Amino acid sequence: MEKKFKRTTVTAALPYANGPVHIGHLAGVYVPADIYVRYLRLKKRDVLFIGGSDEHGVPVTIRARKEGITVQQVVDRYHYLIKDSFEKFGISFDIYSRTTSDVHHKLASDFFRKLYDEDKLIQQTTEQFYDEETHEFLTDRNIRGECPRCHAADAYGDQCEKCGATLSPEELINPYNAINGNPLVKKQTTHWYLPLDRYQNWLEQWILQEHKEWRPNVYGQCKSWLDGGLKPRAVTRDLDWGIPVPVEGAEGKVLYVWFDAPIGYISNTKELCDSKPELGKWETWWKDPETRLVHFIGKDNIVFHCIVFPTMLKAHGDYILPDNVPSNEFLNLEDGKISTSRNWAVWLNEYLEELPNRQDELRYTLTANAPETKDNNFTWKNYQDCTNNELVAIYGNFVNRALQLTQKYYEGVVPTCGELTDYDKQTLEEFADVKTRVENCLENFKFRDAQKEAMNLARIGNKYIADMEPWKVIKTDPERVKTIIYISLQLTANLAIAFEPFLPFSSQRLREMICMDEFSWESLGSTDLLPAGKKLAKPSLLFTKIEDDVIQVQLDKLEAIKKANQEQNYRAKDIKETITYEDFQKLDIRVGTVLECERVPKMKKLLKFRIDDGLNQRTIVSGISQFYEPEQLVGKQVLFIANLASRQFKNGLVSEGMILSAENFDETISVTTVEHPVKPGSQVL
RNA sequence: CGCGGAGUAGAGCAGUGGUAGCUCGCCAGGCUCAUAACCUGGAAGUCGUUGGUUCGAUCCCAUCCUCCGCAACCA
């Protein structure tokens, strides 16, 4: 398969420039893409790694309106923030540009125009909801109105949250703009559509027959789309932000963001090649059948990269098609879905500040838990474990052992290699096997497994040193120790190569320690990477442990975010049905003084109170022990319902009444009390 | 009622129609060159339930149960 191709164009999904990037982006797309590209470069293959920000579409305009700044300011801010984060994480793009560039506007515009001129697009006029005040057409989700079924006042255009009905905007009674409340009218609008249905047969052949090797999640999703029957898809929108539709009479219309964004891969390649002639013509990377095109994306992008974009390329006619589209599932954070708006994420820019120089630790953890086959979970505890138990204990420690021994015995000079024992040879062979396995994994986009294999090299090294016991042998056979250390050092040098795609920063540092300038994937497994007599630099630790308090800070931060979200989402509950004064009079609410208060054994939530109600004493049980220590409440005056029928608990405990408490937004409980002390038994009126 | 995803050792995850595997954790032993790191060994799972297909199912089919998500944005 790979022999067919002379070069590879690798693209990574264009992140949307309306917020910073987070660990989900990294785990899903950019780290695997970067590993792949670094690997290909190490193999001396021709490869370009293309990225950029996606800066068009509605959400950036909404964000700009919300923050009171221009759309350009929004995309500028996030484009540079994102670009910077990627750079600092070692995502080795050959270019990271943006879809607001002139090159892109022209190329996307020409692309559309060619399809238009050749009648590859169809034109349709439909009626859509329009806000006459803001002069905009609204998307389903931004339309609200009365639900036709349950008559809830504020159902969405696509669904009523109250009764769960699936709706279309047309069904809503009195539709209005969800953002500003303006009434909506229906208005005709004309758009251009990409007739995917015309390509149905071709797509079925191309994907279902010719690309059975695609990942199951990708293949499966494509199949389900194809089985459902493709329909024409609009490629233009009524908006004022984007690339103007290059057709007469199309004022106020722009290319749909999903039409222009993937063309951004091409534009950015062009921008790169135009500025670096040594890379050849950009067309070579997009039109030569000997070029292999690979798109790295997240699962939400599958349909666009496997169906829509290939159809666009096919319709255009000049372009090659993707050879593979490795897509990952999603990453969760501490069991919760990552969310930009709820701020539930580990933002890369914040990580870089709070945990400086620990990019490789995150890259490692994300790859070790990569959501390749199903959604996975990122936890800070796991991050700490990966770092301390694997990077530090296995990899870092092996390197340190080899280098320290070299310092100790040979003043940091690589010793000469004597005759190899069978065990030496066996160890080196294992090393070569691992190389093959890593390659197989990487060629098949199994990054999680590939990294695990790489880590195996360090395990082999640790075992080798442990089995050889050079610190013992040095006393009896110093010549033999030279060979042992020589081999250990060669293994170390090999690790620098093997980990380069995964952990570029520590690989770089390791190479500096062992003064290794040149390296390539092909030399992985060889035993002469560091010649005898070479003086090595002074060793330092490759990785350092992450202490509990560092992790706790991150957990506390997330906990605070969770709380803030709950508070933000708090809405007082609806008021209950009206009751009469007579109804109210039936309730006998009194003030009681807490005489005793204690936990109830085996009942987690319960506190048992002894209350002075003015006439007698009574026992009341209340489920608030998570929020109060019993001592805190003794002596306090609390409100309670005095005439509630008593209730018996399983263990025989009887509660004679109910203490009134308020439940806060975060489900914490606050007991009610009185402003000034009153006699026990006072009525609450 | 619904849709999607998931249920495999204490935790996190692989996996396959034919004696169940990895990492971490745990226990025991070894070692001391090394960041209390490393090496060896061990315990621990009736692969969610119940049926079915099969010579044989963790893997196929069906049923049921449980958990998570199902506004927008987003990989």
# chains A, B, ... in the order shown; residues from 1 in each chain; ligands from 1
$ interface_residues --of "chain B" --to "chain A" --cutoff "10 Å" --atoms "only C-alpha atoms (C1' of nucleotides)" --output "MDAnalysis selection string"
chainID B and resid 2 5:6 11:14 22:24 31:35 37:39 68:69 71:75
$ write_last_selection --atoms "C-alpha atoms (C1' of nucleotides)" --output "tab-separated table (two decimals), in the first residue's frame"
chain	number	residue	atom	x	y	z
B	2	G	C1'	-37.25	7.64	22.35
B	5	G	C1'	-22.53	4.94	23.83
B	6	A	C1'	-20.92	1.70	27.56
B	11	A	C1'	-9.01	1.25	39.12
B	12	G	C1'	-8.34	2.36	33.84
B	13	C	C1'	-8.63	-0.20	29.38
B	14	A	C1'	-7.42	-4.22	25.24
B	22	C	C1'	-2.26	-5.17	29.35
B	23	U	C1'	-1.03	-0.90	32.57
B	24	C	C1'	-1.49	0.84	37.40
B	31	C	C1'	18.45	-6.06	44.25
B	32	U	C1'	20.76	-1.41	45.72
B	33	C	C1'	23.44	1.35	39.86
B	34	A	C1'	18.96	4.42	39.82
B	35	U	C1'	13.99	9.87	40.94
B	37	A	C1'	13.10	4.04	41.59
B	38	C	C1'	14.24	-1.38	39.14
B	39	C	C1'	13.66	-7.02	38.65
B	68	C	C1'	-23.39	7.99	31.03
B	69	G	C1'	-24.78	11.55	27.28
B	71	A	C1'	-29.48	23.03	24.19
B	72	A	C1'	-25.71	25.42	21.99
B	73	C	C1'	-20.58	25.25	21.11
B	74	C	C1'	-17.23	21.84	20.29
B	75	A	C1'	-12.25	16.84	18.48
$ select_by_dssp --residues "region 248-465 of chain A" --states "strand (DSSP E)" --output "PDB file with all heavy atoms, in the first residue's frame"
ATOM      1  N   LYS A 253     -24.815  36.730   0.836  1.00  0.00           N
ATOM      2  CA  LYS A 253     -24.668  35.297   1.040  1.00  0.00           C
ATOM      3  C   LYS A 253     -23.180  34.935   1.060  1.00  0.00           C
ATOM      4  O   LYS A 253     -22.377  35.534   0.354  1.00  0.00           O
ATOM      5  CB  LYS A 253     -25.372  34.523  -0.081  1.00  0.00           C
ATOM      6  CG  LYS A 253     -26.881  34.726  -0.093  1.00  0.00           C
ATOM      7  CD  LYS A 253     -27.538  33.951  -1.216  1.00  0.00           C
ATOM      8  CE  LYS A 253     -28.963  34.430  -1.451  1.00  0.00           C
ATOM      9  NZ  LYS A 253     -29.849  34.253  -0.283  1.00  0.00           N
ATOM     10  N   VAL A 254     -22.869  33.973   1.897  1.00  0.00           N
ATOM     11  CA  VAL A 254     -21.482  33.514   1.980  1.00  0.00           C
ATOM     12  C   VAL A 254     -21.439  32.005   1.845  1.00  0.00           C
ATOM     13  O   VAL A 254     -22.462  31.320   1.970  1.00  0.00           O
ATOM     14  CB  VAL A 254     -20.828  33.909   3.328  1.00  0.00           C
ATOM     15  CG1 VAL A 254     -20.759  35.420   3.477  1.00  0.00           C
ATOM     16  CG2 VAL A 254     -21.574  33.278   4.491  1.00  0.00           C
ATOM     17  N   LEU A 255     -20.238  31.493   1.590  1.00  0.00           N
ATOM     18  CA  LEU A 255     -20.061  30.049   1.534  1.00  0.00           C
ATOM     19  C   LEU A 255     -20.293  29.477   2.924  1.00  0.00           C
ATOM     20  O   LEU A 255     -19.857  30.054   3.925  1.00  0.00           O
ATOM     21  CB  LEU A 255     -18.644  29.701   1.074  1.00  0.00           C
ATOM     22  CG  LEU A 255     -18.235  30.232  -0.303  1.00  0.00           C
ATOM     23  CD1 LEU A 255     -16.848  29.711  -0.666  1.00  0.00           C
ATOM     24  CD2 LEU A 255     -19.241  29.825  -1.364  1.00  0.00           C
ATOM     25  N   THR A 291       0.473  11.082  -4.454  1.00  0.00           N
ATOM     26  CA  THR A 291       0.433  11.680  -3.121  1.00  0.00           C
ATOM     27  C   THR A 291      -0.672  11.021  -2.309  1.00  0.00           C
ATOM     28  O   THR A 291      -1.767  10.797  -2.806  1.00  0.00           O
ATOM     29  CB  THR A 291       0.157  13.192  -3.222  1.00  0.00           C
ATOM     30  OG1 THR A 291       1.207  13.816  -3.957  1.00  0.00           O
ATOM     31  CG2 THR A 291       0.075  13.813  -1.829  1.00  0.00           C
ATOM     32  N   ARG A 292      -0.320  10.712  -1.088  1.00  0.00           N
ATOM     33  CA  ARG A 292      -1.297  10.090  -0.195  1.00  0.00           C
ATOM     34  C   ARG A 292      -1.866  11.165   0.725  1.00  0.00           C
ATOM     35  O   ARG A 292      -1.130  11.887   1.388  1.00  0.00           O
ATOM     36  CB  ARG A 292      -0.601   9.019   0.632  1.00  0.00           C
ATOM     37  CG  ARG A 292      -1.531   8.280   1.551  1.00  0.00           C
ATOM     38  CD  ARG A 292      -0.758   7.268   2.368  1.00  0.00           C
ATOM     39  NE  ARG A 292      -1.669   6.343   3.010  1.00  0.00           N
ATOM     40  CZ  ARG A 292      -1.449   5.779   4.183  1.00  0.00           C
ATOM     41  NH1 ARG A 292      -0.342   6.039   4.833  1.00  0.00           N
ATOM     42  NH2 ARG A 292      -2.318   4.948   4.701  1.00  0.00           N
ATOM     43  N   LEU A 293      -3.188  11.266   0.749  1.00  0.00           N
ATOM     44  CA  LEU A 293      -3.845  12.278   1.571  1.00  0.00           C
ATOM     45  C   LEU A 293      -4.455  11.617   2.803  1.00  0.00           C
ATOM     46  O   LEU A 293      -5.196  10.643   2.689  1.00  0.00           O
ATOM     47  CB  LEU A 293      -4.929  12.970   0.744  1.00  0.00           C
ATOM     48  CG  LEU A 293      -5.789  14.028   1.431  1.00  0.00           C
ATOM     49  CD1 LEU A 293      -4.942  15.187   1.942  1.00  0.00           C
ATOM     50  CD2 LEU A 293      -6.844  14.543   0.458  1.00  0.00           C
ATOM     51  N   VAL A 294      -4.112  12.147   3.979  1.00  0.00           N
ATOM     52  CA  VAL A 294      -4.639  11.589   5.233  1.00  0.00           C
ATOM     53  C   VAL A 294      -5.223  12.718   6.069  1.00  0.00           C
ATOM     54  O   VAL A 294      -4.554  13.717   6.332  1.00  0.00           O
ATOM     55  CB  VAL A 294      -3.524  10.883   6.038  1.00  0.00           C
ATOM     56  CG1 VAL A 294      -4.078  10.342   7.344  1.00  0.00           C
ATOM     57  CG2 VAL A 294      -2.900   9.765   5.220  1.00  0.00           C
ATOM     58  N   HIS A 295      -6.479  12.563   6.469  1.00  0.00           N
ATOM     59  CA  HIS A 295      -7.126  13.557   7.328  1.00  0.00           C
ATOM     60  C   HIS A 295      -7.242  13.027   8.744  1.00  0.00           C
ATOM     61  O   HIS A 295      -7.896  12.011   8.977  1.00  0.00           O
ATOM     62  CB  HIS A 295      -8.555  13.842   6.855  1.00  0.00           C
ATOM     63  CG  HIS A 295      -8.660  14.462   5.499  1.00  0.00           C
ATOM     64  ND1 HIS A 295      -7.990  15.602   5.145  1.00  0.00           N
ATOM     65  CD2 HIS A 295      -9.396  14.109   4.415  1.00  0.00           C
ATOM     66  CE1 HIS A 295      -8.307  15.923   3.891  1.00  0.00           C
ATOM     67  NE2 HIS A 295      -9.143  15.031   3.427  1.00  0.00           N
ATOM     68  N   PHE A 296      -6.686  13.743   9.708  1.00  0.00           N
ATOM     69  CA  PHE A 296      -6.926  13.419  11.112  1.00  0.00           C
ATOM     70  C   PHE A 296      -8.064  14.294  11.623  1.00  0.00           C
ATOM     71  O   PHE A 296      -8.009  15.515  11.477  1.00  0.00           O
ATOM     72  CB  PHE A 296      -5.669  13.668  11.956  1.00  0.00           C
ATOM     73  CG  PHE A 296      -4.648  12.575  11.836  1.00  0.00           C
ATOM     74  CD1 PHE A 296      -3.742  12.577  10.783  1.00  0.00           C
ATOM     75  CD2 PHE A 296      -4.606  11.552  12.756  1.00  0.00           C
ATOM     76  CE1 PHE A 296      -2.805  11.562  10.663  1.00  0.00           C
ATOM     77  CE2 PHE A 296      -3.670  10.540  12.645  1.00  0.00           C
ATOM     78  CZ  PHE A 296      -2.773  10.539  11.590  1.00  0.00           C
ATOM     79  N   ILE A 297      -9.076  13.647  12.212  1.00  0.00           N
ATOM     80  CA  ILE A 297     -10.255  14.395  12.654  1.00  0.00           C
ATOM     81  C   ILE A 297     -10.849  13.764  13.908  1.00  0.00           C
ATOM     82  O   ILE A 297     -10.428  12.702  14.347  1.00  0.00           O
ATOM     83  CB  ILE A 297     -11.354  14.391  11.567  1.00  0.00           C
ATOM     84  CG1 ILE A 297     -11.721  12.953  11.195  1.00  0.00           C
ATOM     85  CG2 ILE A 297     -10.915  15.178  10.354  1.00  0.00           C
ATOM     86  CD1 ILE A 297     -12.951  12.831  10.359  1.00  0.00           C
ATOM     87  N   GLY A 298     -11.834  14.416  14.474  1.00  0.00           N
ATOM     88  CA  GLY A 298     -12.614  13.836  15.563  1.00  0.00           C
ATOM     89  C   GLY A 298     -13.899  13.265  15.000  1.00  0.00           C
ATOM     90  O   GLY A 298     -14.260  13.537  13.861  1.00  0.00           O
ATOM     91  N   PRO A 322      -8.918  11.499  -0.141  1.00  0.00           N
ATOM     92  CA  PRO A 322      -8.228  10.976   1.045  1.00  0.00           C
ATOM     93  C   PRO A 322      -8.056   9.465   0.971  1.00  0.00           C
ATOM     94  O   PRO A 322      -8.956   8.750   0.544  1.00  0.00           O
ATOM     95  CB  PRO A 322      -9.135  11.373   2.204  1.00  0.00           C
ATOM     96  CG  PRO A 322     -10.431  11.760   1.596  1.00  0.00           C
ATOM     97  CD  PRO A 322     -10.148  12.216   0.212  1.00  0.00           C
ATOM     98  N   ASP A 323      -6.883   9.031   1.389  1.00  0.00           N
ATOM     99  CA  ASP A 323      -6.603   7.602   1.405  1.00  0.00           C
ATOM    100  C   ASP A 323      -7.059   7.000   2.726  1.00  0.00           C
ATOM    101  O   ASP A 323      -7.435   5.843   2.795  1.00  0.00           O
ATOM    102  CB  ASP A 323      -5.104   7.375   1.229  1.00  0.00           C
ATOM    103  CG  ASP A 323      -4.767   5.903   1.156  1.00  0.00           C
ATOM    104  OD1 ASP A 323      -5.325   5.223   0.281  1.00  0.00           O
ATOM    105  OD2 ASP A 323      -3.970   5.434   1.988  1.00  0.00           O
ATOM    106  N   ASN A 324      -6.997   7.820   3.779  1.00  0.00           N
ATOM    107  CA  ASN A 324      -7.516   7.353   5.059  1.00  0.00           C
ATOM    108  C   ASN A 324      -7.935   8.561   5.900  1.00  0.00           C
ATOM    109  O   ASN A 324      -7.405   9.652   5.715  1.00  0.00           O
ATOM    110  CB  ASN A 324      -6.490   6.512   5.814  1.00  0.00           C
ATOM    111  CG  ASN A 324      -7.166   5.518   6.747  1.00  0.00           C
ATOM    112  OD1 ASN A 324      -8.204   5.816   7.342  1.00  0.00           O
ATOM    113  ND2 ASN A 324      -6.587   4.344   6.871  1.00  0.00           N
ATOM    114  N   SER A 327     -10.143   8.722  12.579  1.00  0.00           N
ATOM    115  CA  SER A 327     -10.938   9.577  13.452  1.00  0.00           C
ATOM    116  C   SER A 327     -11.007   8.983  14.841  1.00  0.00           C
ATOM    117  O   SER A 327     -11.205   7.788  15.013  1.00  0.00           O
ATOM    118  CB  SER A 327     -12.348   9.697  12.879  1.00  0.00           C
ATOM    119  OG  SER A 327     -13.238  10.139  13.869  1.00  0.00           O
ATOM    120  N   ASN A 328     -10.852   9.827  15.830  1.00  0.00           N
ATOM    121  CA  ASN A 328     -10.968   9.364  17.199  1.00  0.00           C
ATOM    122  C   ASN A 328     -12.349   9.667  17.753  1.00  0.00           C
ATOM    123  O   ASN A 328     -13.053  10.530  17.268  1.00  0.00           O
ATOM    124  CB  ASN A 328      -9.923  10.038  18.080  1.00  0.00           C
ATOM    125  CG  ASN A 328      -8.593   9.318  18.031  1.00  0.00           C
ATOM    126  OD1 ASN A 328      -8.520   8.158  17.611  1.00  0.00           O
ATOM    127  ND2 ASN A 328      -7.549   9.982  18.447  1.00  0.00           N
ATOM    128  N   LEU A 331     -12.928  12.504  24.215  1.00  0.00           N
ATOM    129  CA  LEU A 331     -12.284  12.357  25.520  1.00  0.00           C
ATOM    130  C   LEU A 331     -13.145  13.067  26.558  1.00  0.00           C
ATOM    131  O   LEU A 331     -13.554  14.201  26.350  1.00  0.00           O
ATOM    132  CB  LEU A 331     -10.898  12.999  25.477  1.00  0.00           C
ATOM    133  CG  LEU A 331     -10.024  12.813  26.711  1.00  0.00           C
ATOM    134  CD1 LEU A 331      -9.538  11.384  26.792  1.00  0.00           C
ATOM    135  CD2 LEU A 331      -8.841  13.752  26.673  1.00  0.00           C
ATOM    136  N   ASN A 332     -13.417  12.393  27.652  1.00  0.00           N
ATOM    137  CA  ASN A 332     -14.112  13.048  28.754  1.00  0.00           C
ATOM    138  C   ASN A 332     -13.097  13.548  29.769  1.00  0.00           C
ATOM    139  O   ASN A 332     -11.951  13.107  29.775  1.00  0.00           O
ATOM    140  CB  ASN A 332     -15.079  12.087  29.432  1.00  0.00           C
ATOM    141  CG  ASN A 332     -16.264  11.780  28.549  1.00  0.00           C
ATOM    142  OD1 ASN A 332     -16.685  12.622  27.753  1.00  0.00           O
ATOM    143  ND2 ASN A 332     -16.784  10.587  28.650  1.00  0.00           N
ATOM    144  N   LEU A 333     -13.523  14.443  30.599  1.00  0.00           N
ATOM    145  CA  LEU A 333     -12.651  14.984  31.639  1.00  0.00           C
ATOM    146  C   LEU A 333     -13.279  14.689  32.987  1.00  0.00           C
ATOM    147  O   LEU A 333     -14.376  15.168  33.262  1.00  0.00           O
ATOM    148  CB  LEU A 333     -12.482  16.490  31.437  1.00  0.00           C
ATOM    149  CG  LEU A 333     -11.814  17.257  32.580  1.00  0.00           C
ATOM    150  CD1 LEU A 333     -10.401  16.757  32.816  1.00  0.00           C
ATOM    151  CD2 LEU A 333     -11.810  18.743  32.278  1.00  0.00           C
ATOM    152  N   GLY A 336     -16.811  13.809  33.013  1.00  0.00           N
ATOM    153  CA  GLY A 336     -17.790  14.727  32.432  1.00  0.00           C
ATOM    154  C   GLY A 336     -17.416  15.054  31.000  1.00  0.00           C
ATOM    155  O   GLY A 336     -16.242  15.023  30.622  1.00  0.00           O
ATOM    156  N   LYS A 337     -18.408  15.348  30.215  1.00  0.00           N
ATOM    157  CA  LYS A 337     -18.161  15.698  28.828  1.00  0.00           C
ATOM    158  C   LYS A 337     -17.438  17.041  28.766  1.00  0.00           C
ATOM    159  O   LYS A 337     -17.810  17.989  29.454  1.00  0.00           O
ATOM    160  CB  LYS A 337     -19.510  15.807  28.124  1.00  0.00           C
ATOM    161  CG  LYS A 337     -19.418  15.959  26.641  1.00  0.00           C
ATOM    162  CD  LYS A 337     -20.805  15.944  26.030  1.00  0.00           C
ATOM    163  CE  LYS A 337     -20.714  16.230  24.557  1.00  0.00           C
ATOM    164  NZ  LYS A 337     -21.993  16.054  23.885  1.00  0.00           N
ATOM    165  N   ASN A 376     -13.104   7.996  25.931  1.00  0.00           N
ATOM    166  CA  ASN A 376     -12.285   7.685  27.089  1.00  0.00           C
ATOM    167  C   ASN A 376     -12.300   8.834  28.074  1.00  0.00           C
ATOM    168  O   ASN A 376     -12.813   9.891  27.789  1.00  0.00           O
ATOM    169  CB  ASN A 376     -10.859   7.367  26.660  1.00  0.00           C
ATOM    170  CG  ASN A 376     -10.649   5.885  26.545  1.00  0.00           C
ATOM    171  OD1 ASN A 376     -11.512   5.103  26.894  1.00  0.00           O
ATOM    172  ND2 ASN A 376      -9.493   5.487  26.063  1.00  0.00           N
ATOM    173  N   ASN A 377     -11.677   8.586  29.201  1.00  0.00           N
ATOM    174  CA  ASN A 377     -11.752   9.534  30.299  1.00  0.00           C
ATOM    175  C   ASN A 377     -10.356  10.022  30.668  1.00  0.00           C
ATOM    176  O   ASN A 377      -9.451   9.225  30.827  1.00  0.00           O
ATOM    177  CB  ASN A 377     -12.397   8.833  31.491  1.00  0.00           C
ATOM    178  CG  ASN A 377     -12.943   9.790  32.499  1.00  0.00           C
ATOM    179  OD1 ASN A 377     -13.225  10.956  32.177  1.00  0.00           O
ATOM    180  ND2 ASN A 377     -13.080   9.347  33.714  1.00  0.00           N
ATOM    181  N   PHE A 378     -10.211  11.322  30.788  1.00  0.00           N
ATOM    182  CA  PHE A 378      -8.971  11.881  31.323  1.00  0.00           C
ATOM    183  C   PHE A 378      -9.198  12.240  32.775  1.00  0.00           C
ATOM    184  O   PHE A 378     -10.129  12.967  33.093  1.00  0.00           O
ATOM    185  CB  PHE A 378      -8.561  13.139  30.550  1.00  0.00           C
ATOM    186  CG  PHE A 378      -7.335  13.828  31.108  1.00  0.00           C
ATOM    187  CD1 PHE A 378      -6.079  13.511  30.640  1.00  0.00           C
ATOM    188  CD2 PHE A 378      -7.463  14.787  32.102  1.00  0.00           C
ATOM    189  CE1 PHE A 378      -4.947  14.133  31.160  1.00  0.00           C
ATOM    190  CE2 PHE A 378      -6.335  15.419  32.633  1.00  0.00           C
ATOM    191  CZ  PHE A 378      -5.078  15.087  32.153  1.00  0.00           C
TER     192      PHE A 378
END
$ atom_distance --atom1 "CA of Phe519 (chain A)" --atom2 "CA of Leu495 (chain A)"
11.2 Å
$ residues_around --residues "C26 (chain B)" --least-positions-apart "2" --cutoff "10 Å" --atoms "only C-alpha atoms (C1' of nucleotides)" --output "VMD selection string"
chain B and resid 10 43 to 44
$ closest_atom_pairs --of "region 426-518 of chain A" --to "region 343-357 of chain A" --cutoff "12 Å" --atoms "only C-alpha atoms" --output "tab-separated table"
residue	atom	partner	partner_atom	distance
A:Leu503	CA	A:Asn357	CA	11.9
A:Pro504	CA	A:Asn357	CA	11.9
A:Phe505	CA	A:Asn357	CA	8.7
A:Ser506	CA	A:Asn357	CA	9.7
A:Arg509	CA	A:Asn357	CA	11.6
$ closest_residue --among "B:U8, B:G30, B:G17, B:G25" --to "G48 (chain B)" --atoms "only C-alpha atoms (C1' of nucleotides)"
B:U8
$ residues_around --residues "Glu656 (chain A)" --least-positions-apart "4" --cutoff "6 Å" --atoms "only C-alpha atoms (C1' of nucleotides)" --output "ChimeraX atom specification"
/A:619-620,646
$ write_last_selection --atoms "N, CA and C atoms" --output "CSV table (one decimal), in the first residue's frame"
chain,number,residue,atom,x,y,z
A,619,THR,N,-38.8,13.9,69.4
A,619,THR,CA,-37.6,13.5,68.5
A,619,THR,C,-38.0,13.8,67.1
A,620,ILE,N,-37.0,14.4,66.4
A,620,ILE,CA,-37.2,14.7,65.0
A,620,ILE,C,-35.9,14.2,64.3
A,646,SER,N,-46.4,11.4,62.5
A,646,SER,CA,-45.0,10.9,62.8
A,646,SER,C,-44.7,9.8,61.8
$ select_by_dssp --residues "region 336-392 of chain A" --states "alpha helix (DSSP H)" --output "list in words"
Leu348, Asn349, Glu350, Tyr351, Leu352, Glu353, Glu354, Gln359, Asp360, Glu361, Leu362, Arg363, Tyr364, Thr365, Leu366, Thr367, Ala368, Trp380, Lys381, Asn382, Tyr383, Gln384 and Asp385 of chain A
$ atom_distance --atom1 "CA of Ile266 (chain A)" --atom2 "CA of Gly90 (chain A)"
22.5 Å
$ atom_distance --atom1 "CA of Asp84 (chain A)" --atom2 "CA of Thr99 (chain A)"
16.9 Å
$ residues_around --residues "Pro630 (chain A)" --least-positions-apart "4" --cutoff "8 Å" --atoms "only C-alpha atoms (C1' of nucleotides)" --output "short mmCIF file (atom, residue, chain, number, x, y, z; two decimals) with all heavy atoms, in the first residue's frame"
data_model
loop_
_atom_site.label_atom_id
_atom_site.label_comp_id
_atom_site.auth_asym_id
_atom_site.auth_seq_id
_atom_site.Cartn_x
_atom_site.Cartn_y
_atom_site.Cartn_z
N CYS A 597 -28.48 16.62 69.78
CA CYS A 597 -28.41 16.29 68.35
C CYS A 597 -27.31 15.26 68.17
O CYS A 597 -26.21 15.43 68.70
CB CYS A 597 -28.10 17.54 67.54
SG CYS A 597 -27.97 17.20 65.78
N GLU A 598 -27.62 14.18 67.49
CA GLU A 598 -26.58 13.15 67.29
C GLU A 598 -26.79 12.43 65.97
O GLU A 598 -27.89 12.46 65.39
CB GLU A 598 -26.63 12.14 68.44
CG GLU A 598 -27.98 11.45 68.57
CD GLU A 598 -28.05 10.57 69.81
OE1 GLU A 598 -27.54 11.02 70.87
OE2 GLU A 598 -28.61 9.48 69.70
N ARG A 599 -25.72 11.82 65.50
CA ARG A 599 -25.81 11.03 64.28
C ARG A 599 -26.58 9.75 64.56
O ARG A 599 -26.61 9.27 65.69
CB ARG A 599 -24.42 10.63 63.78
CG ARG A 599 -23.67 11.78 63.19
CD ARG A 599 -22.35 11.31 62.61
NE ARG A 599 -21.46 12.44 62.46
CZ ARG A 599 -21.58 13.34 61.50
NH1 ARG A 599 -22.55 13.23 60.60
NH2 ARG A 599 -20.76 14.36 61.42
N LEU A 607 -29.61 12.90 61.01
CA LEU A 607 -29.31 13.42 62.34
C LEU A 607 -30.58 13.27 63.18
O LEU A 607 -31.68 13.51 62.69
CB LEU A 607 -28.92 14.89 62.28
CG LEU A 607 -27.54 15.25 61.71
CD1 LEU A 607 -27.32 16.74 61.82
CD2 LEU A 607 -26.44 14.50 62.45
N SER A 625 -27.09 15.32 57.75
CA SER A 625 -25.82 15.13 58.45
C SER A 625 -24.60 15.42 57.58
O SER A 625 -23.50 15.61 58.09
CB SER A 625 -25.73 13.70 58.99
OG SER A 625 -25.42 12.82 57.96
N VAL A 634 -26.77 22.16 68.50
CA VAL A 634 -27.32 22.11 69.85
C VAL A 634 -27.48 23.54 70.37
O VAL A 634 -26.58 24.36 70.25
CB VAL A 634 -26.39 21.30 70.78
CG1 VAL A 634 -26.89 21.37 72.22
CG2 VAL A 634 -26.31 19.86 70.31
#
$ closest_residue --among "A:Ala493, A:Ala33, A:Ala432, A:Ile611" --to "Pro326 (chain A)" --atoms "only C-alpha atoms"
A:Ala33
$ residues_around --residues "Glu443 (chain A)" --least-positions-apart "6" --cutoff "10 Å" --atoms "only C-alpha atoms (C1' of nucleotides)" --output "list in words"
Glu2, Tyr36, Tyr39, Leu40, Arg437 and Ala450 of chain A
